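Here is the structure we will look at, set down as structure tokens.
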Amino acid sequence: MGQRISSCLAHSVSDLSATHYFGHITGVKGLLVEARAPSSVQTVGQQATILSDPERPAEIIGFDKGRALMMVFGNCEGLGVGQRVVFQGSAPRIFPTLQWVGRVIDATGAPLDDKGPLDRGDQAYLLNKAPPPAIQRARVGKKIDLGVRAMNTFLSCCAGQRMGIFAGSGVGKSVLLSMITRFTNLETVVIGLVGERSREVQEFLQEQLGEEGLRRSIVVVASSGEPALMRRQAAYLTLALAEFLADQGQQVLCLMDSVTRFAMALREIGLAAGEPPTTKGYPPSVFAELARLLERAGPRHHQGSITGLFSVLVEGDDHNEPIADAVRGILDGHILLDRKIAERGRFPAINILRSVSRTLPGCNTDEQNALIARARKLLATYEDMAELIRLGAYKKGSDPSVDEAIFFQEGLSAFLAQKTDERSHLAEGYRQLQNILASQEGDAE
């Protein structure tokens, strides 16, 4: 594995300066490698290569008493005091081209599929790039078609908007993301699988994404068994590729599964560097880095846009845990997948009443806003009385609004459900919802 990572990293930073600086290892503590380095190259984020057998790429993550604190893109087995370290003079970058679309790559930009080497472009893109200043942002564009009926109608998303998909494990995040990838009307899709189980990567590519989805996608993979630096870099690479495609004037959909595992990788790195742990062990730098990463998506002036959908794995189904709470405050809306809805067999298990799109109601017409407001009211009324209705404690005729909500519940529930191979167009969703509420209204009264 060390040789593969070393060769891959060499591919991604092949433009580095010919000037190299040498140091040596002074200590190894857990995941942390301490080294002496020339002061001229001692900067956080500096890339290095440890001349062990095999050679291992590393990165400076901090300093202590004149020593560089490094983590390796692999494990520390076989490293020892006195081994030489070569420090390069540039941050990681890639040289993408449009021929990368349809490919599966790792966190360093090296191919993981069997389609041959990747073409090298002329322009370099830094992996860890600062987001554009607020004053240089355009406003979000028109509504986009995500192909998922519940999202298109109740949680409309505009070009350049950033939304989070919040769910516990096994509630259907990956399946929902694959539906969006195959059905959206945006030109290209960049998918970052950060910290995914190795077993599930092929299942996602072959069964859920399929040839149709992969044909217009770039998939970045860093599985859960890879080092923290690789998982973190996979997230950076995902955004860098989205920025490249947007610079070509394309409307890009950027999907990441999951932001939580990116934050966990940052936690490993921060704690190894000696940062103090705060809430649930996350050091302060994690929350600053989350905002820096997610703000890279969005609308852009005179170019394409990056519409971001970022999944958040909520630990223990606690939607107020630190990462979920922080991400919810950064993004322009959140989609909550509810385990109780999934257990009742309705997929995608979107809890409409607890989900929000912050571009609403401004992106809708008055008629569309009135339609979804009425449907939401019916859903909310039924939800308030659901327990009594299921127990048989509610007597029909006690409350006309509850009777109406009960009458429409079956139709609305069927509307919110959608098969994984069923595409729903934007205009079609509003028309179907209108038919449900209009065709049965007279009977309900």
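In the structure tokens, the first chain shown is A, the next is B, and so on; residue numbers restart at 1 for each chain, and ligands run from 1 in the order shown.
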Those in stretch 23-172 of chain A with alpha helix (DSSP H) from DSSP, as a PyMOL selection string: chain A and resi 149-154
Each stretch 316-384 of chain A residue no farther than 9 Å from stretch 409-413 of chain A, nearest pair in Å, only C-alpha atoms, as a tab-separated table:
```
residue	atom	partner	partner_atom	distance
A:Arg346	CA	A:Ser413	CA	7.9
A:Ala375	CA	A:Leu412	CA	7.8
A:Leu378	CA	A:Gln409	CA	7.7
A:Leu379	CA	A:Gln409	CA	7.2
A:Tyr382	CA	A:Gln409	CA	7.4
```
Picked from stretch 121-345 of chain A by DSSP as strand (DSSP E), as a ChimeraX atom specification: /A:125-126,162-167,188-196,217-223,251-257,305-313,333-336
Contact residues around A:Tyr21 with only C-alpha atoms at 8 Å, ignoring same-chain residues under 3 positions, as a count of residues only: 6
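If only C-alpha atoms are the atoms counted, then among A:Leu437, A:Leu245, A:Cys363, A:Leu371 the closest residue to A:Ser156 is A:Cys363.
Closest approach to A:Tyr125 among A:His319, A:Tyr236, A:Phe73, A:Ile165 is made by A:Tyr236 (distances from only C-alpha atoms).
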Nearby residues (only C-alpha atoms) at most 10 Å from A:Gln83, same-chain spacing under 2 positions excluded, as a PyMOL selection string: chain A and resi 23-27+35+50-52+79-81+85
Using only C-alpha atoms: which of A:Asn152, A:Gln99, A:Ser355, A:Asn75 has the shortest distance to A:Lys29: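 That would be A:Asn75, the residue with the smallest distance to A:Lys29.
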Residue with smallest distance to A:Pro299 - pool A:Arg376, A:Lys129, A:Arg139, A:Arg423, counting only C-alpha atoms: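 Smallest separation from A:Pro299 among the options: A:Arg139.
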From A:Ala58, A:Leu127, A:Ile335, A:Ile352, residue lying nearest A:Pro227 [only C-alpha atoms]: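 Once distances to A:Pro227 are computed over only C-alpha atoms, the minimum belongs to A:Ala58.
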Exercise: A:Ala150 partners within 7 Å, only C-alpha atoms, chain neighbours under 3 positions left out, as a PyMOL selection string: chain A and resi 153-154+416
Produce a file of the selected residues containing all heavy atoms, as a CSV table (one decimal), in the first residue's frame.
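File written: result-v4.csv
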```csv
chain,number,residue,atom,x,y,z
A,153,THR,N,-40.3,19.4,-5.3
A,153,THR,CA,-41.5,20.2,-4.9
A,153,THR,C,-41.3,20.9,-3.6
A,153,THR,O,-41.5,22.1,-3.5
A,153,THR,CB,-42.7,19.3,-4.9
A,153,THR,OG1,-42.5,18.1,-4.1
A,153,THR,CG2,-43.0,18.8,-6.3
A,154,PHE,N,-41.1,20.1,-2.5
A,154,PHE,CA,-41.1,20.7,-1.1
A,154,PHE,C,-39.7,21.3,-0.8
A,154,PHE,O,-39.7,22.1,0.2
A,154,PHE,CB,-41.4,19.6,-0.1
A,154,PHE,CG,-42.8,19.1,-0.2
A,154,PHE,CD1,-43.2,18.0,-0.9
A,154,PHE,CD2,-43.8,19.8,0.5
A,154,PHE,CE1,-44.5,17.6,-1.0
A,154,PHE,CE2,-45.1,19.4,0.5
A,154,PHE,CZ,-45.5,18.3,-0.3
A,416,LEU,N,-44.7,11.1,-2.0
A,416,LEU,CA,-43.4,11.3,-1.4
A,416,LEU,C,-42.5,10.1,-1.6
A,416,LEU,O,-41.3,10.2,-1.6
A,416,LEU,CB,-43.5,11.6,0.1
A,416,LEU,CG,-44.1,13.0,0.5
A,416,LEU,CD1,-44.3,13.1,2.0
A,416,LEU,CD2,-43.3,14.1,-0.1
```
Within 7 Å of stretch 257-259 of chain A using only C-alpha atoms, minus same-chain residues under 5 positions, as a ChimeraX atom specification: /A:192-194,310-313
Using C-alpha atoms, can you export the residues from the last selection as a tab-separated table (two decimals), in the first residue's frame?
```
chain	number	residue	atom	x	y	z
A	192	GLY	CA	-16.53	12.32	-3.19
A	193	LEU	CA	-16.77	9.03	-1.27
A	194	VAL	CA	-14.93	10.01	1.89
A	310	PHE	CA	-23.23	17.08	1.32
A	311	SER	CA	-24.32	14.10	3.38
A	312	VAL	CA	-23.90	14.23	7.15
A	313	LEU	CA	-23.81	10.97	9.12
```
Between atom CA of A:Gly195 and atom CA of A:Met71, distance in Å (one decimal): 17.8 Å
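You will find atom CA of A:Tyr282 at 5.4 Å from atom CA of A:Arg267.
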For A:Gly147, the nearest of the candidates A:Arg431, A:Arg231, A:Arg182, A:Lys173, counting only C-alpha atoms: A:Arg182
Residues within 9 Å of A:Ile330, only C-alpha atoms, excluding chain neighbours under 6 positions, as a ChimeraX atom specification: /A:162,290-291,294-295
Within 12 Å of stretch 249-253 of chain A: each stretch 277-329 of chain A residue with its shortest pair, only C-alpha atoms, as a tab-separated table:
```
residue	atom	partner	partner_atom	distance
A:Ala297	CA	A:Leu253	CA	9.4
A:Gly298	CA	A:Val252	CA	9.8
A:Pro299	CA	A:Gln251	CA	9.4
A:Arg300	CA	A:Gly249	CA	9.7
A:His301	CA	A:Gly249	CA	10.2
A:His302	CA	A:Gly249	CA	8.1
A:Gln303	CA	A:Gly249	CA	4.8
A:Gly304	CA	A:Gly249	CA	4.2
A:Ser305	CA	A:Gln251	CA	5.1
A:Ile306	CA	A:Val252	CA	4.9
A:Thr307	CA	A:Leu253	CA	4.8
A:Gly308	CA	A:Leu253	CA	6.0
A:Leu309	CA	A:Leu253	CA	7.6
A:Phe310	CA	A:Leu253	CA	10.5
```
